[in-house]
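Shown here: start36.cif, mmCIF, C-alpha atoms.
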```cif
data_input
#
loop_
_atom_site.label_atom_id
_atom_site.label_comp_id
_atom_site.auth_asym_id
_atom_site.auth_seq_id
_atom_site.Cartn_x
_atom_site.Cartn_y
_atom_site.Cartn_z
CA MET A 24 168.54 255.86 85.73
CA ALA A 25 167.92 258.91 83.55
CA ILE A 26 170.34 259.56 80.68
CA LEU A 27 170.70 263.11 79.39
CA ALA A 28 172.18 264.07 76.02
CA PRO A 29 173.16 267.78 75.72
CA VAL A 30 172.13 269.02 72.30
CA GLU A 31 175.43 270.92 71.92
CA VAL A 32 177.41 267.69 72.30
CA ALA A 33 175.09 265.75 70.02
CA ARG A 34 175.24 268.43 67.32
CA GLU A 35 179.02 268.03 67.11
CA SER A 36 178.57 264.34 66.29
CA ARG A 37 176.48 264.99 63.15
CA ARG A 38 178.25 263.46 60.17
CA PRO A 39 177.54 262.20 56.65
CA ILE A 40 177.17 258.44 56.31
CA VAL A 41 176.64 255.96 53.50
CA SER A 42 174.85 252.70 54.24
CA ASN A 43 173.90 250.20 51.56
CA GLY A 44 174.52 252.90 48.96
CA VAL A 45 172.26 255.51 50.62
CA ALA A 46 173.89 258.81 51.64
CA ALA A 47 172.40 260.37 54.78
CA HIS A 48 173.37 262.19 57.99
CA LEU A 49 173.48 260.73 61.49
CA THR A 50 173.60 262.57 64.83
CA THR A 51 174.45 260.50 67.91
CA PHE A 52 172.72 261.35 71.19
CA ILE A 53 173.27 258.27 73.39
CA GLY A 54 175.64 255.32 73.11
CA ALA A 55 178.16 254.31 70.48
CA ASN A 56 177.57 253.23 66.91
CA ARG A 57 179.81 252.50 63.97
CA TYR A 58 179.57 256.08 62.73
CA ASN A 59 180.73 258.02 65.81
CA PRO A 60 184.18 258.24 67.46
CA ALA A 61 183.15 256.18 70.50
CA ALA A 62 182.36 253.25 68.22
CA ALA A 63 185.96 252.02 68.24
CA ALA A 64 185.80 251.30 71.97
CA ALA A 65 182.43 249.59 71.63
CA ALA A 66 183.60 247.53 68.67
CA ALA A 67 186.62 246.33 70.62
CA ALA A 68 184.39 244.80 73.29
CA PRO A 69 180.75 245.13 72.20
CA PRO A 70 178.13 244.44 74.90
CA GLY A 71 176.58 240.98 74.66
CA PRO A 72 173.05 240.40 73.36
CA ALA A 73 171.63 240.19 76.90
CA ALA A 74 173.24 243.47 78.06
CA VAL A 75 171.16 246.61 78.37
CA TYR A 76 172.96 249.25 76.28
CA PRO A 77 170.89 252.36 75.44
CA MET A 78 171.38 253.86 71.98
CA ALA A 79 169.72 256.94 70.46
CA PHE A 80 170.51 258.73 67.20
CA LEU A 81 168.82 260.88 64.57
CA VAL A 82 168.85 259.83 60.92
CA GLU A 83 168.33 262.46 58.20
CA GLN A 84 167.42 260.63 55.00
CA PRO A 85 167.54 262.80 51.83
CA PRO A 86 164.57 263.28 49.46
CA GLY A 87 163.77 260.33 47.24
CA SER A 88 166.23 257.96 48.91
CA VAL A 89 165.28 254.37 49.72
CA VAL A 90 166.71 252.33 52.59
CA ALA A 91 166.24 248.67 51.64
CA THR A 92 164.40 246.14 53.80
CA HIS A 93 166.64 245.06 56.69
CA PHE A 94 166.81 243.88 60.30
CA HIS A 95 168.87 244.61 63.40
CA GLU A 96 170.29 242.59 66.28
CA ALA A 97 168.54 244.73 68.92
CA ASN A 98 164.98 245.77 69.71
CA GLN A 99 164.24 249.29 68.53
CA PHE A 100 161.76 252.13 68.24
CA GLN A 101 161.82 254.67 65.39
CA ILE A 102 160.07 258.02 65.81
CA VAL A 103 159.48 260.18 62.72
CA VAL A 104 160.07 263.83 63.63
CA ALA A 105 160.33 265.65 60.27
CA GLY A 106 159.66 265.19 56.57
CA ASP A 107 157.50 262.49 55.04
CA GLY A 108 157.73 259.19 53.21
CA ARG A 109 156.78 255.55 53.59
CA LEU A 110 157.84 252.71 55.86
CA GLY A 111 156.89 249.57 54.01
CA SER A 112 153.27 250.14 53.04
CA HIS A 113 152.67 252.80 55.72
CA PRO A 114 152.78 256.54 54.92
CA VAL A 115 154.86 258.31 57.58
CA GLU A 116 155.19 261.87 58.81
CA PRO A 117 155.46 263.40 62.31
CA VAL A 118 154.76 261.83 64.70
CA ALA A 119 154.69 258.20 63.49
CA VAL A 120 156.15 255.47 65.68
CA HIS A 121 157.52 252.10 64.58
CA TYR A 122 158.74 249.22 66.72
CA SER A 123 160.53 246.03 65.73
CA ASN A 124 162.04 243.18 67.69
CA ALA A 125 165.59 242.08 67.11
CA PHE A 126 165.94 240.06 63.90
CA SER A 127 162.53 241.26 62.65
CA ALA A 128 162.84 242.53 59.08
CA TYR A 129 161.06 245.76 58.07
CA GLY A 130 161.10 248.33 55.28
CA PRO A 131 161.90 249.63 52.82
CA ILE A 132 162.07 253.19 54.20
CA THR A 133 161.35 255.66 51.39
CA ALA A 134 161.88 259.40 51.89
CA GLY A 135 159.43 261.81 50.25
CA ALA A 136 160.05 265.16 48.59
CA ALA A 137 160.85 266.80 51.94
CA GLY A 138 163.26 264.08 53.05
CA LEU A 139 162.68 262.04 56.19
CA GLN A 140 164.08 262.41 59.70
CA TYR A 141 163.61 259.88 62.48
CA PHE A 142 165.08 259.01 65.86
CA THR A 143 166.19 255.44 66.44
CA LEU A 144 166.05 254.23 70.06
CA ARG A 145 167.50 250.88 71.13
CA ASN A 146 168.02 249.10 74.43
CA GLY A 147 170.87 246.93 73.19
CA TYR A 148 174.03 247.38 71.13
CA ASP A 149 173.69 246.84 67.38
CA ARG A 150 176.48 246.52 64.82
CA GLY A 151 174.38 247.97 62.01
CA ALA A 152 171.62 247.10 59.57
CA ARG A 153 171.58 243.67 57.89
CA TYR A 154 170.07 244.14 54.45
CA LEU A 155 167.91 241.59 52.68
CA PRO A 156 168.13 239.42 50.72
CA ALA A 157 171.93 239.38 51.15
CA ALA A 158 171.76 238.76 54.92
CA ARG A 159 168.96 236.19 54.84
CA GLU A 160 171.33 233.39 55.88
CA GLU A 161 172.05 235.25 59.12
CA LEU A 162 168.46 234.60 60.22
CA ARG A 163 168.81 230.84 59.99
CA GLY A 164 169.15 229.21 63.38
CA VAL A 165 168.61 232.47 65.31
CA ARG A 166 166.18 232.25 68.19
CA ARG A 167 163.82 235.13 67.52
CA ARG A 168 160.25 236.30 67.90
CA PHE A 169 159.12 238.36 64.92
CA ARG A 170 157.40 241.56 66.02
CA ASP A 171 156.53 244.66 64.05
CA ALA A 172 154.21 247.40 65.37
CA PHE A 173 153.30 250.71 63.76
CA ALA A 174 151.45 253.79 65.00
CA GLU A 175 149.84 256.06 62.41
CA PRO A 176 151.11 259.68 62.47
CA ALA A 177 149.78 261.75 65.38
CA ALA A 178 149.98 265.36 64.20
CA PRO A 179 151.89 267.75 66.49
CA LEU A 180 149.53 270.23 68.16
CA ALA A 181 150.24 273.94 67.84
CA SER A 182 148.61 275.02 71.10
CA VAL A 183 150.05 274.54 74.57
CA PRO A 184 147.90 272.16 76.64
CA ASP A 185 146.17 273.50 79.75
CA ALA A 186 146.90 270.31 81.65
CA ALA A 187 149.02 267.21 81.28
CA ALA A 188 147.55 264.80 78.75
CA ALA A 189 148.58 261.37 77.49
CA GLU A 190 147.51 259.18 74.61
CA ALA A 191 148.53 255.70 73.55
CA LEU A 192 150.13 255.56 70.11
CA ILE A 193 150.92 251.84 70.31
CA PRO A 194 148.62 250.29 72.96
CA ALA A 195 150.43 248.30 75.62
CA ALA A 196 150.89 244.63 74.81
CA PRO A 197 150.59 241.94 77.52
CA ASP A 198 154.36 242.12 78.06
CA GLY A 199 154.21 245.91 78.54
CA MET A 200 155.64 247.04 75.20
CA GLY A 201 153.86 250.16 73.94
CA ALA A 202 154.31 253.83 73.01
CA TRP A 203 152.63 256.91 74.43
CA ARG A 204 152.64 260.63 73.70
CA HIS A 205 152.63 262.98 76.70
CA ARG A 206 151.90 266.71 76.43
CA LEU A 207 152.61 268.98 79.38
CA PRO A 208 152.03 272.69 80.02
CA PRO A 209 154.95 274.87 81.21
CA GLY A 210 156.20 273.93 84.67
CA ALA A 211 154.40 270.58 84.75
CA ALA A 212 156.18 267.40 85.79
CA LEU A 213 155.77 263.83 84.60
CA GLU A 214 156.70 260.66 86.44
CA GLY A 215 156.88 257.71 84.09
CA PRO A 216 156.01 254.12 84.94
CA THR A 217 158.60 251.91 86.59
CA PRO A 218 160.25 249.82 83.86
CA PRO A 219 159.78 246.08 84.32
CA ALA A 220 162.85 243.96 84.94
CA ALA A 221 163.97 242.90 81.47
CA THR A 222 167.03 242.36 79.35
CA ALA A 223 167.76 243.63 75.90
CA SER A 224 166.83 240.24 74.48
CA SER A 225 163.46 239.89 76.26
CA GLY A 226 161.91 243.29 75.67
CA TRP A 227 161.77 246.93 76.74
#
```

Translate the structure described by the file into structure tokens.
Amino acid sequence: MAILAPVEVARESRRPIVSNGVAAHLTTFIGANRYNPAAAAAAAAPPGPAAVYPMAFLVEQPPGSVVATHFHEANQFQIVVAGDGRLGSHPVEPVAVHYSNAFSAYGPITAGAAGLQYFTLRNGYDRGARYLPAAREELRGVRRRFRDAFAEPAAPLASVPDAAAAEALIPAAPDGMGAWRHRLPPGAALEGPTPPAATASSGW
């Protein structure tokens, strides 16, 4: 099922946030999170860890800020769309892609002189970042499979392609997890692959 997020509605959700001492802005496109008005309903009865619950939001991290190493309770992709910085030891700028499994720690995320903007995409509900080392005890006894994948920045192309083209940014793993960039000329259509049957806890 396709989910559409009108930009006019998403723009109204943009708000300042502070997480672990870092001031930033967050714009919600899909789903509820603790920073948008719909979060209250989700918090009252949050979907279970096996429920598929799409989430998508844009984070605008200010210049020079550092988001400490942390983990989440859901699988997620992050797509850098503006600015520059570092994710752990990796330099990032558009269009870099990062993936991490639930309970897989990553970071820190350091914004450069131009700040850093990235979309976060999840297939399961998440209550928010768990920062290390304070949250280390939360990892004890949790059934988890550590996974961290990174795609080097693929520079946006200025010209319009003559035909549809695709390239793998994160090559597909045996279980199907991967990331691709598709470029289409005006009027072209794209039919994506059929998603495999999976739950939020088993993969994308």

Taking (167.1, 242.5, 54.7) in the file's own coordinates, collect the residues within 10 Å, counting only C-alpha atoms, and hand them back as a VMD selection string.
-> chain A and resid 91 to 95 126 to 131 152 to 159 161 to 162

Selection file, C-alpha atoms, as a PDB file, in the frame of the given file:
```
ATOM      1  CA  ALA A  91     166.240 248.670  51.640  1.00  0.00           C
ATOM      2  CA  THR A  92     164.400 246.140  53.800  1.00  0.00           C
ATOM      3  CA  HIS A  93     166.640 245.060  56.690  1.00  0.00           C
ATOM      4  CA  PHE A  94     166.810 243.880  60.300  1.00  0.00           C
ATOM      5  CA  HIS A  95     168.870 244.610  63.400  1.00  0.00           C
ATOM      6  CA  PHE A 126     165.940 240.060  63.900  1.00  0.00           C
ATOM      7  CA  SER A 127     162.530 241.260  62.650  1.00  0.00           C
ATOM      8  CA  ALA A 128     162.840 242.530  59.080  1.00  0.00           C
ATOM      9  CA  TYR A 129     161.060 245.760  58.070  1.00  0.00           C
ATOM     10  CA  GLY A 130     161.100 248.330  55.280  1.00  0.00           C
ATOM     11  CA  PRO A 131     161.900 249.630  52.820  1.00  0.00           C
ATOM     12  CA  ALA A 152     171.620 247.100  59.570  1.00  0.00           C
ATOM     13  CA  ARG A 153     171.580 243.670  57.890  1.00  0.00           C
ATOM     14  CA  TYR A 154     170.070 244.140  54.450  1.00  0.00           C
ATOM     15  CA  LEU A 155     167.910 241.590  52.680  1.00  0.00           C
ATOM     16  CA  PRO A 156     168.130 239.420  50.720  1.00  0.00           C
ATOM     17  CA  ALA A 157     171.930 239.380  51.150  1.00  0.00           C
ATOM     18  CA  ALA A 158     171.760 238.760  54.920  1.00  0.00           C
ATOM     19  CA  ARG A 159     168.960 236.190  54.840  1.00  0.00           C
ATOM     20  CA  GLU A 161     172.050 235.250  59.120  1.00  0.00           C
ATOM     21  CA  LEU A 162     168.460 234.600  60.220  1.00  0.00           C
TER      22      LEU A 162
END
```

Which is closer to Ile193 in chain A than all the others in A:Pro176, A:Pro86, A:Pro77, A:Pro208, using all atoms listed in the file?
-> A:Pro176

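Here CA of Ser112 in chain A is placed at a distance of 22.5 Å from CA of Met200 in chain A.
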
Could you list the residues chosen by the PyMOL selection byres ((chain A and resi 104) around 9) in this structure as a ChimeraX atom specification?
-> /A:102-103,105-106,116-119,139-142

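Our summary of the geometry notes that CA of Pro85 in chain A is positioned 6.6 Å from CA of Ala134 in chain A.
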
Would you work out the distance separating CA of Ile132 in chain A from CA of Gln84 in chain A, expressed in Å to one decimal?
-> 9.2 Å

Who sits within 8 Å of Ser123 in chain A, all atoms listed in the file, same chain under 2 positions skipped, as a ChimeraX atom specification | /A:98-100,121,125,127-129,169-172

Selection to disk with C-alpha atoms, as an mmCIF file, keeping the file's coordinate frame:
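result_9.cif, written as the output of this step:
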```
data_model
loop_
_atom_site.group_PDB
_atom_site.id
_atom_site.type_symbol
_atom_site.label_atom_id
_atom_site.label_comp_id
_atom_site.auth_asym_id
_atom_site.auth_seq_id
_atom_site.Cartn_x
_atom_site.Cartn_y
_atom_site.Cartn_z
ATOM 1 C CA ASN A 98 164.980 245.770 69.710
ATOM 2 C CA GLN A 99 164.240 249.290 68.530
ATOM 3 C CA PHE A 100 161.760 252.130 68.240
ATOM 4 C CA HIS A 121 157.520 252.100 64.580
ATOM 5 C CA ALA A 125 165.590 242.080 67.110
ATOM 6 C CA SER A 127 162.530 241.260 62.650
ATOM 7 C CA ALA A 128 162.840 242.530 59.080
ATOM 8 C CA TYR A 129 161.060 245.760 58.070
ATOM 9 C CA PHE A 169 159.120 238.360 64.920
ATOM 10 C CA ARG A 170 157.400 241.560 66.020
ATOM 11 C CA ASP A 171 156.530 244.660 64.050
ATOM 12 C CA ALA A 172 154.210 247.400 65.370
#
```

Output check: residues returned by the PyMOL selection byres ((chain A and resi 43) around 8), as a count of residues only = 7

Do a neighbour search on Ala188 in chain A at 12 Å with only C-alpha atoms, toss out local chain neighbours closer than 2 positions, and write the hits as an NGL selection string.
-> :A and (183-186 or 190-191 or 203-208 or 211-213)

Any chance you could resolve the PyMOL selection byres ((chain A and resi 48-55) around 6) against this file and give the residues as a PyMOL selection string?
-> chain A and resi 28+33+36-40+47+56+61-62+78-83

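Considering the residues A:Val115, A:Leu192, A:Ala68, A:Val75 and counting all atoms listed in the file, Thr133 in chain A has its shortest atom-to-atom contact with A:Val115.
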
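Each of A:Ala174, A:Ala97, A:Ala137, A:Ala202 was checked against Gly151 in chain A using all atoms listed in the file; the smallest atom-to-atom distance is that of A:Ala97.
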